[in-house]
$ cat query.cif   # mmCIF, C-alpha atoms and all ligand atoms
data_work
#
loop_
_atom_site.group_PDB
_atom_site.id
_atom_site.type_symbol
_atom_site.label_atom_id
_atom_site.label_comp_id
_atom_site.auth_asym_id
_atom_site.auth_seq_id
_atom_site.Cartn_x
_atom_site.Cartn_y
_atom_site.Cartn_z
ATOM 1 C CA MET A 1 168.806 182.892 79.334
ATOM 2 C CA HIS A 2 167.281 181.738 76.065
ATOM 3 C CA ILE A 3 164.737 178.916 76.377
ATOM 4 C CA SER A 4 164.934 176.697 73.314
ATOM 5 C CA VAL A 5 161.731 176.510 71.326
ATOM 6 C CA MET A 6 159.835 173.242 70.658
ATOM 7 C CA PRO A 7 162.636 170.971 71.956
ATOM 8 C CA ALA A 8 160.628 167.727 71.811
ATOM 9 C CA GLU A 9 159.399 168.424 68.279
ATOM 10 C CA VAL A 10 162.909 169.329 67.085
ATOM 11 C CA LEU A 11 164.275 166.023 68.356
ATOM 12 C CA GLU A 12 161.366 164.030 66.997
ATOM 13 C CA TYR A 13 161.674 165.480 63.495
ATOM 14 C CA LEU A 14 165.466 165.392 63.348
ATOM 15 C CA ALA A 15 165.174 161.702 64.339
ATOM 16 C CA ILE A 16 168.690 161.755 65.783
ATOM 17 C CA LYS A 17 170.921 158.764 65.024
ATOM 18 C CA PRO A 18 173.597 158.302 67.698
ATOM 19 C CA ALA A 19 176.332 158.119 65.061
ATOM 20 C CA GLY A 20 174.880 160.850 62.858
ATOM 21 C CA ILE A 21 176.299 164.183 61.718
ATOM 22 C CA TYR A 22 174.130 167.223 62.417
ATOM 23 C CA VAL A 23 174.243 170.939 61.758
ATOM 24 C CA ASP A 24 172.680 173.404 64.148
ATOM 25 C CA ALA A 25 172.775 176.399 61.795
ATOM 26 C CA THR A 26 171.610 178.803 64.514
ATOM 27 C CA ALA A 27 173.305 177.612 67.702
ATOM 28 C CA GLY A 28 172.464 180.778 69.691
ATOM 29 C CA MET A 29 172.873 179.892 73.349
ATOM 30 C CA GLY A 30 173.414 176.243 72.469
ATOM 31 C CA GLY A 31 170.102 174.921 73.777
ATOM 32 C CA HIS A 32 169.180 172.801 70.775
ATOM 33 C CA THR A 33 172.846 171.949 70.193
ATOM 34 C CA ALA A 34 173.041 170.388 73.671
ATOM 35 C CA LEU A 35 169.827 168.426 73.137
ATOM 36 C CA ILE A 36 171.229 166.966 69.933
ATOM 37 C CA ALA A 37 174.698 166.332 71.393
ATOM 38 C CA GLU A 38 173.210 164.474 74.376
ATOM 39 C CA ARG A 39 171.798 161.896 71.992
ATOM 40 C CA LEU A 40 175.027 161.256 70.106
ATOM 41 C CA THR A 41 177.508 158.469 70.785
ATOM 42 C CA THR A 42 180.035 158.702 67.966
ATOM 43 C CA GLY A 43 178.147 161.383 66.038
ATOM 44 C CA VAL A 44 178.928 165.091 65.796
ATOM 45 C CA VAL A 45 176.915 168.296 65.837
ATOM 46 C CA ILE A 46 178.314 171.336 64.068
ATOM 47 C CA ALA A 47 177.157 174.372 66.021
ATOM 48 C CA ASN A 48 177.078 177.422 63.790
ATOM 49 C CA ASP A 49 176.136 181.038 64.454
ATOM 50 C CA ARG A 50 177.127 184.323 62.859
ATOM 51 C CA ASP A 51 177.290 185.927 66.312
ATOM 52 C CA ALA A 52 180.667 185.297 67.980
ATOM 53 C CA GLU A 53 179.423 186.362 71.417
ATOM 54 C CA SER A 54 176.512 183.911 71.280
ATOM 55 C CA LEU A 55 178.766 181.144 70.067
ATOM 56 C CA GLU A 56 181.048 181.713 73.058
ATOM 57 C CA MET A 57 178.062 181.360 75.376
ATOM 58 C CA ALA A 58 176.948 178.242 73.505
ATOM 59 C CA ARG A 59 180.422 176.819 74.055
ATOM 60 C CA ARG A 60 180.146 177.379 77.810
ATOM 61 C CA ASN A 61 176.559 176.118 78.005
ATOM 62 C CA THR A 62 177.358 172.887 76.178
ATOM 63 C CA ALA A 63 180.727 172.148 77.813
ATOM 64 C CA ALA A 64 179.453 168.815 79.133
ATOM 65 C CA HIS A 65 179.129 167.557 75.542
ATOM 66 C CA ALA A 66 182.237 169.235 74.119
ATOM 67 C CA THR A 67 183.612 166.084 72.484
ATOM 68 C CA ARG A 68 180.537 165.792 70.280
ATOM 69 C CA ILE A 69 180.416 169.453 69.138
ATOM 70 C CA ARG A 70 182.370 171.459 66.532
ATOM 71 C CA PHE A 71 181.809 175.217 66.596
ATOM 72 C CA HIS A 72 181.757 177.395 63.524
ATOM 73 C CA GLN A 73 181.161 181.112 63.169
ATOM 74 C CA GLY A 74 179.534 182.177 59.954
ATOM 75 C CA ARG A 75 176.436 183.014 58.002
ATOM 76 C CA PHE A 76 174.187 180.477 56.351
ATOM 77 C CA ASP A 77 176.206 180.683 53.152
ATOM 78 C CA SER A 78 179.226 179.276 54.995
ATOM 79 C CA LEU A 79 177.496 176.112 56.235
ATOM 80 C CA GLY A 80 179.044 174.031 53.441
ATOM 81 C CA GLU A 81 182.466 175.188 54.535
ATOM 82 C CA ALA A 82 181.601 174.397 58.180
ATOM 83 C CA VAL A 83 180.635 170.833 57.270
ATOM 84 C CA GLU A 84 183.777 170.396 55.179
ATOM 85 C CA GLU A 85 186.009 171.830 57.919
ATOM 86 C CA ALA A 86 184.569 169.288 60.339
ATOM 87 C CA GLY A 87 185.606 166.590 57.862
ATOM 88 C CA PHE A 88 182.242 165.697 56.310
ATOM 89 C CA GLN A 89 180.446 166.176 53.021
ATOM 90 C CA ARG A 90 176.836 165.450 53.878
ATOM 91 C CA VAL A 91 174.879 165.517 57.116
ATOM 92 C CA ASP A 92 172.012 163.525 58.599
ATOM 93 C CA GLY A 93 170.115 166.552 59.785
ATOM 94 C CA LEU A 94 170.091 170.333 59.726
ATOM 95 C CA LEU A 95 168.243 172.574 62.143
ATOM 96 C CA ALA A 96 167.575 176.296 61.712
ATOM 97 C CA ASP A 97 165.798 178.197 64.490
ATOM 98 C CA LEU A 98 165.496 181.571 62.781
ATOM 99 C CA GLY A 99 165.657 185.109 64.121
ATOM 100 C CA VAL A 100 167.382 186.448 67.199
ATOM 101 C CA SER A 101 167.841 184.964 70.647
ATOM 102 C CA ARG A 102 166.497 186.374 73.879
ATOM 103 C CA TYR A 103 170.038 187.342 74.781
ATOM 104 C CA GLN A 104 170.491 189.392 71.599
ATOM 105 C CA LEU A 105 167.087 190.993 72.019
ATOM 106 C CA THR A 106 167.444 192.012 75.613
ATOM 107 C CA GLU A 107 171.122 193.009 75.838
ATOM 108 C CA PRO A 108 170.989 196.819 75.461
ATOM 109 C CA GLU A 109 174.497 196.995 73.985
ATOM 110 C CA ARG A 110 173.356 194.929 70.978
ATOM 111 C CA GLY A 111 170.814 197.584 70.051
ATOM 112 C CA PHE A 112 167.873 195.365 69.053
ATOM 113 C CA SER A 113 165.440 196.547 71.697
ATOM 114 C CA PHE A 114 163.711 199.807 72.528
ATOM 115 C CA LEU A 115 163.044 198.735 76.100
ATOM 116 C CA ALA A 116 166.461 199.937 77.243
ATOM 117 C CA ASP A 117 168.788 202.514 75.764
ATOM 118 C CA GLY A 118 171.726 201.318 73.706
ATOM 119 C CA PRO A 119 173.660 201.991 70.516
ATOM 120 C CA LEU A 120 171.675 201.470 67.319
ATOM 121 C CA ASP A 121 173.660 198.433 66.222
ATOM 122 C CA MET A 122 171.392 195.388 65.546
ATOM 123 C CA ARG A 123 174.116 193.432 63.759
ATOM 124 C CA MET A 124 174.089 189.745 64.664
ATOM 125 C CA ASP A 125 177.725 189.641 63.549
ATOM 126 C CA GLN A 126 179.268 192.710 65.130
ATOM 127 C CA THR A 127 182.463 192.434 63.139
ATOM 128 C CA SER A 128 181.078 193.477 59.786
ATOM 129 C CA GLY A 129 178.395 195.284 57.859
ATOM 130 C CA MET A 130 176.190 198.305 58.291
ATOM 131 C CA THR A 131 174.640 199.109 61.657
ATOM 132 C CA ALA A 132 171.046 200.244 62.192
ATOM 133 C CA ALA A 133 172.468 203.709 62.930
ATOM 134 C CA ASP A 134 174.074 203.794 59.458
ATOM 135 C CA LEU A 135 170.778 202.775 57.956
ATOM 136 C CA VAL A 136 168.544 205.325 59.715
ATOM 137 C CA ASN A 137 171.011 208.180 59.373
ATOM 138 C CA TYR A 138 172.142 207.725 55.770
ATOM 139 C CA THR A 139 169.337 206.040 53.808
ATOM 140 C CA ALA A 140 167.213 208.259 51.550
ATOM 141 C CA GLU A 141 163.708 208.886 52.917
ATOM 142 C CA LYS A 142 161.887 207.012 50.155
ATOM 143 C CA ALA A 143 164.132 203.940 50.438
ATOM 144 C CA LEU A 144 163.759 203.987 54.228
ATOM 145 C CA ALA A 145 159.961 204.156 53.911
ATOM 146 C CA ASP A 146 159.952 201.250 51.445
ATOM 147 C CA LEU A 147 162.129 199.187 53.745
ATOM 148 C CA ILE A 148 159.938 199.820 56.808
ATOM 149 C CA PHE A 149 156.813 199.074 54.769
ATOM 150 C CA GLN A 150 158.114 195.934 53.120
ATOM 151 C CA TYR A 151 160.011 194.294 55.981
ATOM 152 C CA GLY A 152 158.039 195.660 58.931
ATOM 153 C CA GLU A 153 154.629 195.543 57.217
ATOM 154 C CA GLU A 154 154.165 199.019 58.749
ATOM 155 C CA ARG A 155 151.311 200.828 56.997
ATOM 156 C CA ARG A 156 152.472 204.176 58.382
ATOM 157 C CA ALA A 157 156.003 203.704 57.003
ATOM 158 C CA ARG A 158 156.097 207.012 55.111
ATOM 159 C CA LYS A 159 155.280 209.001 58.239
ATOM 160 C CA VAL A 160 157.899 207.091 60.197
ATOM 161 C CA ALA A 161 160.568 207.628 57.538
ATOM 162 C CA ARG A 162 159.799 211.346 57.338
ATOM 163 C CA ALA A 163 160.087 211.715 61.121
ATOM 164 C CA ILE A 164 163.376 209.796 61.151
ATOM 165 C CA VAL A 165 164.892 211.975 58.435
ATOM 166 C CA ARG A 166 163.844 215.151 60.286
ATOM 167 C CA ALA A 167 165.264 213.933 63.585
ATOM 168 C CA ARG A 168 168.708 212.982 62.214
ATOM 169 C CA PRO A 169 171.201 212.239 63.566
ATOM 170 C CA ILE A 170 169.514 209.477 65.552
ATOM 171 C CA ARG A 171 171.860 208.347 68.249
ATOM 172 C CA SER A 172 170.372 205.458 70.218
ATOM 173 C CA THR A 173 167.588 202.893 70.437
ATOM 174 C CA LEU A 174 165.459 204.999 72.812
ATOM 175 C CA HIS A 175 165.978 208.077 70.657
ATOM 176 C CA LEU A 176 164.648 206.176 67.620
ATOM 177 C CA ALA A 177 161.730 204.704 69.593
ATOM 178 C CA ASP A 178 160.789 208.191 70.777
ATOM 179 C CA VAL A 179 160.932 209.622 67.242
ATOM 180 C CA VAL A 180 158.631 206.858 65.984
ATOM 181 C CA LEU A 181 156.260 207.228 68.931
ATOM 182 C CA ARG A 182 155.876 210.947 68.222
ATOM 183 C CA ALA A 183 155.242 210.304 64.515
ATOM 184 C CA VAL A 184 152.697 207.499 64.887
ATOM 185 C CA PRO A 185 150.781 207.437 68.131
ATOM 186 C CA ARG A 186 149.989 204.164 69.832
ATOM 187 C CA THR A 187 146.814 202.509 68.547
ATOM 188 C CA GLY A 188 146.869 198.948 69.860
ATOM 189 C CA ARG A 189 148.882 196.966 72.346
ATOM 190 C CA LEU A 190 151.994 196.969 70.207
ATOM 191 C CA HIS A 191 154.549 199.739 70.804
ATOM 192 C CA PRO A 192 154.480 201.881 67.628
ATOM 193 C CA ALA A 193 158.223 201.314 67.117
ATOM 194 C CA THR A 194 157.919 197.500 67.083
ATOM 195 C CA LYS A 195 157.503 197.160 63.318
ATOM 196 C CA THR A 196 160.180 199.748 62.526
ATOM 197 C CA PHE A 197 162.693 197.960 64.762
ATOM 198 C CA MET A 198 161.779 194.644 63.150
ATOM 199 C CA ALA A 199 162.267 196.075 59.651
ATOM 200 C CA LEU A 200 165.657 197.562 60.524
ATOM 201 C CA ARG A 201 166.826 194.329 62.116
ATOM 202 C CA MET A 202 165.838 192.378 59.002
ATOM 203 C CA ALA A 203 167.591 194.849 56.712
ATOM 204 C CA VAL A 204 170.778 195.168 58.787
ATOM 205 C CA ASN A 205 171.206 191.384 58.820
ATOM 206 C CA ASP A 206 169.753 190.741 55.359
ATOM 207 C CA GLU A 207 167.473 188.170 56.949
ATOM 208 C CA PRO A 208 165.339 187.599 53.815
ATOM 209 C CA GLY A 209 168.456 187.014 51.684
ATOM 210 C CA GLU A 210 169.951 184.738 54.339
ATOM 211 C CA LEU A 211 166.808 182.602 54.487
ATOM 212 C CA ASP A 212 166.740 182.295 50.684
ATOM 213 C CA GLY A 213 170.363 181.123 50.820
ATOM 214 C CA LEU A 214 169.627 178.606 53.573
ATOM 215 C CA LEU A 215 166.688 177.158 51.656
ATOM 216 C CA ARG A 216 168.881 176.806 48.574
ATOM 217 C CA THR A 217 172.028 175.351 50.134
ATOM 218 C CA GLY A 218 170.555 173.510 53.173
ATOM 219 C CA PRO A 219 168.948 170.724 51.117
ATOM 220 C CA GLU A 220 172.246 170.207 49.232
ATOM 221 C CA LEU A 221 174.028 169.481 52.508
ATOM 222 C CA VAL A 222 171.523 166.965 53.832
ATOM 223 C CA GLY A 223 172.129 163.467 52.494
ATOM 224 C CA PRO A 224 169.429 160.995 51.414
ATOM 225 C CA GLY A 225 167.231 160.015 54.376
ATOM 226 C CA GLY A 226 168.469 163.080 56.288
ATOM 227 C CA ARG A 227 166.169 165.670 57.799
ATOM 228 C CA MET A 228 165.884 169.433 57.610
ATOM 229 C CA VAL A 229 163.929 171.251 60.314
ATOM 230 C CA VAL A 230 163.198 174.978 60.160
ATOM 231 C CA ILE A 231 161.504 177.049 62.854
ATOM 232 C CA SER A 232 160.281 180.498 61.815
ATOM 233 C CA PHE A 233 158.689 183.249 63.824
ATOM 234 C CA MET A 234 157.444 185.537 61.071
ATOM 235 C CA SER A 235 154.762 184.675 58.565
ATOM 236 C CA ILE A 236 156.866 185.902 55.634
ATOM 237 C CA ASP A 237 159.619 183.478 56.642
ATOM 238 C CA ASP A 238 157.232 180.575 57.152
ATOM 239 C CA ARG A 239 155.677 181.227 53.742
ATOM 240 C CA LYS A 240 159.111 180.996 52.111
ATOM 241 C CA VAL A 241 159.913 177.761 53.933
ATOM 242 C CA LYS A 242 156.563 176.273 52.923
ATOM 243 C CA GLU A 243 157.040 177.206 49.267
ATOM 244 C CA ARG A 244 160.601 175.932 49.043
ATOM 245 C CA PHE A 245 159.692 172.656 50.784
ATOM 246 C CA ARG A 246 156.790 172.191 48.343
ATOM 247 C CA GLU A 247 159.130 172.815 45.436
ATOM 248 C CA LEU A 248 161.557 170.168 46.728
ATOM 249 C CA GLY A 249 158.580 167.814 47.113
ATOM 250 C CA ARG A 250 157.418 168.441 43.540
ATOM 251 C CA GLU A 251 160.940 167.814 42.260
ATOM 252 C CA ARG A 252 160.881 164.473 44.160
ATOM 253 C CA ARG A 253 163.973 165.532 46.063
ATOM 254 C CA ALA A 254 162.290 165.438 49.466
ATOM 255 C CA VAL A 255 159.221 164.270 51.358
ATOM 256 C CA ILE A 256 157.465 166.855 53.489
ATOM 257 C CA LEU A 257 156.950 165.512 57.013
ATOM 258 C CA THR A 258 154.739 168.329 58.291
ATOM 259 C CA LYS A 259 151.672 168.886 56.107
ATOM 260 C CA HIS A 260 150.822 171.832 58.321
ATOM 261 C CA PRO A 261 153.438 173.618 60.415
ATOM 262 C CA LEU A 262 153.723 172.440 64.001
ATOM 263 C CA GLN A 263 153.204 175.028 66.708
ATOM 264 C CA PRO A 264 154.222 175.010 70.363
ATOM 265 C CA SER A 265 151.814 173.440 72.844
ATOM 266 C CA ASP A 266 149.734 175.643 75.157
ATOM 267 C CA GLN A 267 151.923 174.422 77.976
ATOM 268 C CA GLU A 268 155.071 175.614 76.191
ATOM 269 C CA THR A 269 153.664 179.054 75.354
ATOM 270 C CA ALA A 270 152.472 179.443 78.949
ATOM 271 C CA GLN A 271 156.037 178.855 80.130
ATOM 272 C CA ASN A 272 157.740 180.695 77.268
ATOM 273 C CA PRO A 273 155.503 183.345 75.684
ATOM 274 C CA ALA A 274 158.269 184.161 73.172
ATOM 275 C CA ALA A 275 157.590 180.756 71.554
ATOM 276 C CA ARG A 276 154.022 181.801 70.704
ATOM 277 C CA SER A 277 154.579 182.560 67.020
ATOM 278 C CA ALA A 278 156.938 179.649 66.265
ATOM 279 C CA LYS A 279 156.136 177.438 63.283
ATOM 280 C CA LEU A 280 158.132 174.292 62.620
ATOM 281 C CA ARG A 281 158.379 172.570 59.248
ATOM 282 C CA ALA A 282 160.380 169.449 58.468
ATOM 283 C CA LEU A 283 161.325 167.369 55.461
ATOM 284 C CA GLU A 284 163.294 164.259 54.642
ATOM 285 C CA MET A 285 165.629 164.274 51.657
ATOM 286 C CA LEU A 286 165.263 161.431 49.148
HETATM 287 C C1 LIG B 1 166.481 181.981 67.884
HETATM 288 S S1 LIG B 1 168.200 182.023 68.079
HETATM 289 C C2 LIG B 1 168.657 180.352 68.233
HETATM 290 C C3 LIG B 1 168.569 179.797 69.626
HETATM 291 C C4 LIG B 1 169.115 178.392 69.764
HETATM 292 N N1 LIG B 1 168.411 177.461 68.918
HETATM 293 C C5 LIG B 1 169.105 177.903 71.198
HETATM 294 O O1 LIG B 1 168.454 176.888 71.490
HETATM 295 O O2 LIG B 1 169.766 178.508 72.053
HETATM 296 C C6 LIG B 1 168.761 182.385 66.470
HETATM 297 C C7 LIG B 1 170.262 182.453 66.309
HETATM 298 O O3 LIG B 1 170.536 182.388 64.919
HETATM 299 C C8 LIG B 1 171.586 183.233 64.594
HETATM 300 N N2 LIG B 1 171.410 183.575 63.180
HETATM 301 C C9 LIG B 1 170.374 184.220 62.619
HETATM 302 N N3 LIG B 1 170.559 184.358 61.297
HETATM 303 C C10 LIG B 1 171.734 183.748 61.011
HETATM 304 C C11 LIG B 1 172.460 183.544 59.799
HETATM 305 N N4 LIG B 1 172.018 183.995 58.641
HETATM 306 N N5 LIG B 1 173.620 182.854 59.859
HETATM 307 C C12 LIG B 1 174.063 182.363 61.044
HETATM 308 N N6 LIG B 1 173.430 182.551 62.223
HETATM 309 C C13 LIG B 1 172.276 183.238 62.208
HETATM 310 C C14 LIG B 1 171.442 184.409 65.537
HETATM 311 O O4 LIG B 1 172.667 185.059 65.724
HETATM 312 C C15 LIG B 1 170.894 183.737 66.802
HETATM 313 O O5 LIG B 1 171.926 183.466 67.702
#

$ encode --input "query.cif" --output "structure tokens" --more "lines below"
Ligand SMILES: C[S@@+](CC[C@H](N)C(=O)[O-])C[C@H]1O[C@@H](n2cnc3c(N)ncnc32)[C@H](O)[C@@H]1O
Amino acid sequence: MHISVMPAEVLEYLAIKPAGIYVDATAGMGGHTALIAERLTTGVVIANDRDAESLEMARRNTAAHATRIRFHQGRFDSLGEAVEEAGFQRVDGLLADLGVSRYQLTEPERGFSFLADGPLDMRMDQTSGMTAADLVNYTAEKALADLIFQYGEERRARKVARAIVRARPIRSTLHLADVVLRAVPRTGRLHPATKTFMALRMAVNDEPGELDGLLRTGPELVGPGGRMVVISFMSIDDRKVKERFRELGRERRAVILTKHPLQPSDQETAQNPAARSAKLRALEML
């Protein structure tokens, strides 16, 4: 089960109004969605995710608040459509808790993890797009190296890419992890395949492009006085959020509510180590 990150901070910065309209852009298992829905009287929360399986679980997990929730499956670029479909034009708050959920990460069939064997899929939306297997088996060595270097910040990317190309066809998550482990021996605590898996996941789901889209269209959807809250887990994502928020501040379109990003308390990270790298930023639209 996914434990929602920074629940108290999310609620504080969204400043939920009981009659407000909210978007949970990354509903996942529905944890944050339920927290928002619980605080609504006549308001509505639009629970969006690109992963149909997760959305189904969110639906079950939030059944007690069903009357206050509208579900929508889609990527960040379809959030406008989700809001319109629910009968609204602007919202009072938008939350994005980026990345993948614990469920996606640990379910072997989804192919995100090298801790158990599974198909090399890694697509958040399993109905469309290239899988990680397509990427590792058909991308040219140089392009693969660039991708692993840029997205995974893996200094040994060229060695990894060469080993992958030699070992083709790569058939499963454990097969890929083994190929990487043989190419670049373990140096620290991190499994040598960690950065390669991260890079592939980002590429398969176009996570950088998705975040750019969210930071462009999100502020358009939030009405004056409304809040936007973004939680990132990777420094490259947090940097983008910081820069875009600053830009909106300079343009006098928003006020930044978090001068520095908020991080989970020691108590939260003790209970949920996966929250460790979370950084939350919030703004209010003018
Ligand atoms: C960290 S989890 C969210 C967990 C959720 N807040 C909860 O409390 O259960 C991130 C979710 O965002 C979804 N996601 C990531 N990128 C997305 C995108 N570009 N469009 C829509 N959903 C996305 C993933 O499928 C995943 O379910």

$ axis_aligned_box --input "query.cif" --around "stretch 91-109 of chain A" --padding-each-side "3 Å" --output "JSON"
{"center_x": 170.2, "center_y": 180.3, "center_z": 66.5, "size_x": 15.4, "size_y": 39.5, "size_z": 24.7}

$ residues_around --input "query.cif" --residues "stretch 184-200 of chain A" --least-positions-apart "6" --cutoff "6 Å" --atoms "all atoms listed in the file" --output "list in words"
Ile148, Tyr151, Gly152, Glu154 and Ala177 of chain A

$ residues_near_ligand --input "query.cif" --ligand "ligand LIG 1 (chain B)" --cutoff "8 Å" --atoms "all atoms listed in the file" --output "ChimeraX atom specification"
/A:2-5,24-33,48-51,54-55,58,73-77,96-102,104,124-125,205-207,210-211,214

$ resolve_selection --input "query.cif" --expression "the PyMOL selection byres (((chain A and resi 215) around 12) and not hetatm)" --output "MDAnalysis selection string"
chainID A and resid 25 76:77 79 94:96 208:214 216:222 228:230 237:248 283

$ write_last_selection --input "query.cif" --atoms "C-alpha atoms" --output "CSV table (one decimal), in the coordinates of the input"
chain,number,residue,atom,x,y,z
A,25,ALA,CA,172.8,176.4,61.8
A,76,PHE,CA,174.2,180.5,56.4
A,77,ASP,CA,176.2,180.7,53.2
A,79,LEU,CA,177.5,176.1,56.2
A,94,LEU,CA,170.1,170.3,59.7
A,95,LEU,CA,168.2,172.6,62.1
A,96,ALA,CA,167.6,176.3,61.7
A,208,PRO,CA,165.3,187.6,53.8
A,209,GLY,CA,168.5,187.0,51.7
A,210,GLU,CA,170.0,184.7,54.3
A,211,LEU,CA,166.8,182.6,54.5
A,212,ASP,CA,166.7,182.3,50.7
A,213,GLY,CA,170.4,181.1,50.8
A,214,LEU,CA,169.6,178.6,53.6
A,216,ARG,CA,168.9,176.8,48.6
A,217,THR,CA,172.0,175.4,50.1
A,218,GLY,CA,170.6,173.5,53.2
A,219,PRO,CA,168.9,170.7,51.1
A,220,GLU,CA,172.2,170.2,49.2
A,221,LEU,CA,174.0,169.5,52.5
A,222,VAL,CA,171.5,167.0,53.8
A,228,MET,CA,165.9,169.4,57.6
A,229,VAL,CA,163.9,171.3,60.3
A,230,VAL,CA,163.2,175.0,60.2
A,237,ASP,CA,159.6,183.5,56.6
A,238,ASP,CA,157.2,180.6,57.2
A,239,ARG,CA,155.7,181.2,53.7
A,240,LYS,CA,159.1,181.0,52.1
A,241,VAL,CA,159.9,177.8,53.9
A,242,LYS,CA,156.6,176.3,52.9
A,243,GLU,CA,157.0,177.2,49.3
A,244,ARG,CA,160.6,175.9,49.0
A,245,PHE,CA,159.7,172.7,50.8
A,246,ARG,CA,156.8,172.2,48.3
A,247,GLU,CA,159.1,172.8,45.4
A,248,LEU,CA,161.6,170.2,46.7
A,283,LEU,CA,161.3,167.4,55.5

$ residues_around --input "query.cif" --residues "A:Ala82" --least-positions-apart "2" --cutoff "8 Å" --atoms "all atoms listed in the file" --output "count of residues only"
9

$ resolve_selection --input "query.cif" --expression "the PyMOL selection byres (((chain A and resi 130) around 12) and not hetatm)" --output "compact mmCIF listing (two decimals) with C-alpha atoms, in the coordinates of the input"
# COMPACT_ATOMS: atom_id res chain seq x y z
CA LEU A 120 171.68 201.47 67.32
CA ASP A 121 173.66 198.43 66.22
CA MET A 122 171.39 195.39 65.55
CA ARG A 123 174.12 193.43 63.76
CA MET A 124 174.09 189.74 64.66
CA ASP A 125 177.72 189.64 63.55
CA GLN A 126 179.27 192.71 65.13
CA THR A 127 182.46 192.43 63.14
CA SER A 128 181.08 193.48 59.79
CA GLY A 129 178.40 195.28 57.86
CA THR A 131 174.64 199.11 61.66
CA ALA A 132 171.05 200.24 62.19
CA ALA A 133 172.47 203.71 62.93
CA ASP A 134 174.07 203.79 59.46
CA LEU A 135 170.78 202.78 57.96
CA VAL A 136 168.54 205.32 59.72
CA ASN A 137 171.01 208.18 59.37
CA TYR A 138 172.14 207.72 55.77
CA THR A 139 169.34 206.04 53.81
CA LEU A 200 165.66 197.56 60.52
CA ARG A 201 166.83 194.33 62.12
CA MET A 202 165.84 192.38 59.00
CA ALA A 203 167.59 194.85 56.71
CA VAL A 204 170.78 195.17 58.79
CA ASN A 205 171.21 191.38 58.82
CA ASP A 206 169.75 190.74 55.36

$ atom_distance --input "query.cif" --atom1 "atom CA of A:Pro169" --atom2 "atom CA of A:Ala140"
13.3 Å

$ closest_residue --input "query.cif" --among "A:Ala116, A:Ala163, A:Ala15, A:Val255" --to "A:Met285" --atoms "all atoms listed in the file"
A:Val255

$ resolve_selection --input "query.cif" --expression "the PyMOL selection byres (((chain A and resi 274-281) around 8) and not hetatm)" --output "JSON, numbers by chain"
{"A": [5, 6, 229, 230, 231, 232, 233, 234, 238, 241, 242, 257, 258, 260, 261, 262, 263, 264, 268, 269, 272, 273, 282, 283]}
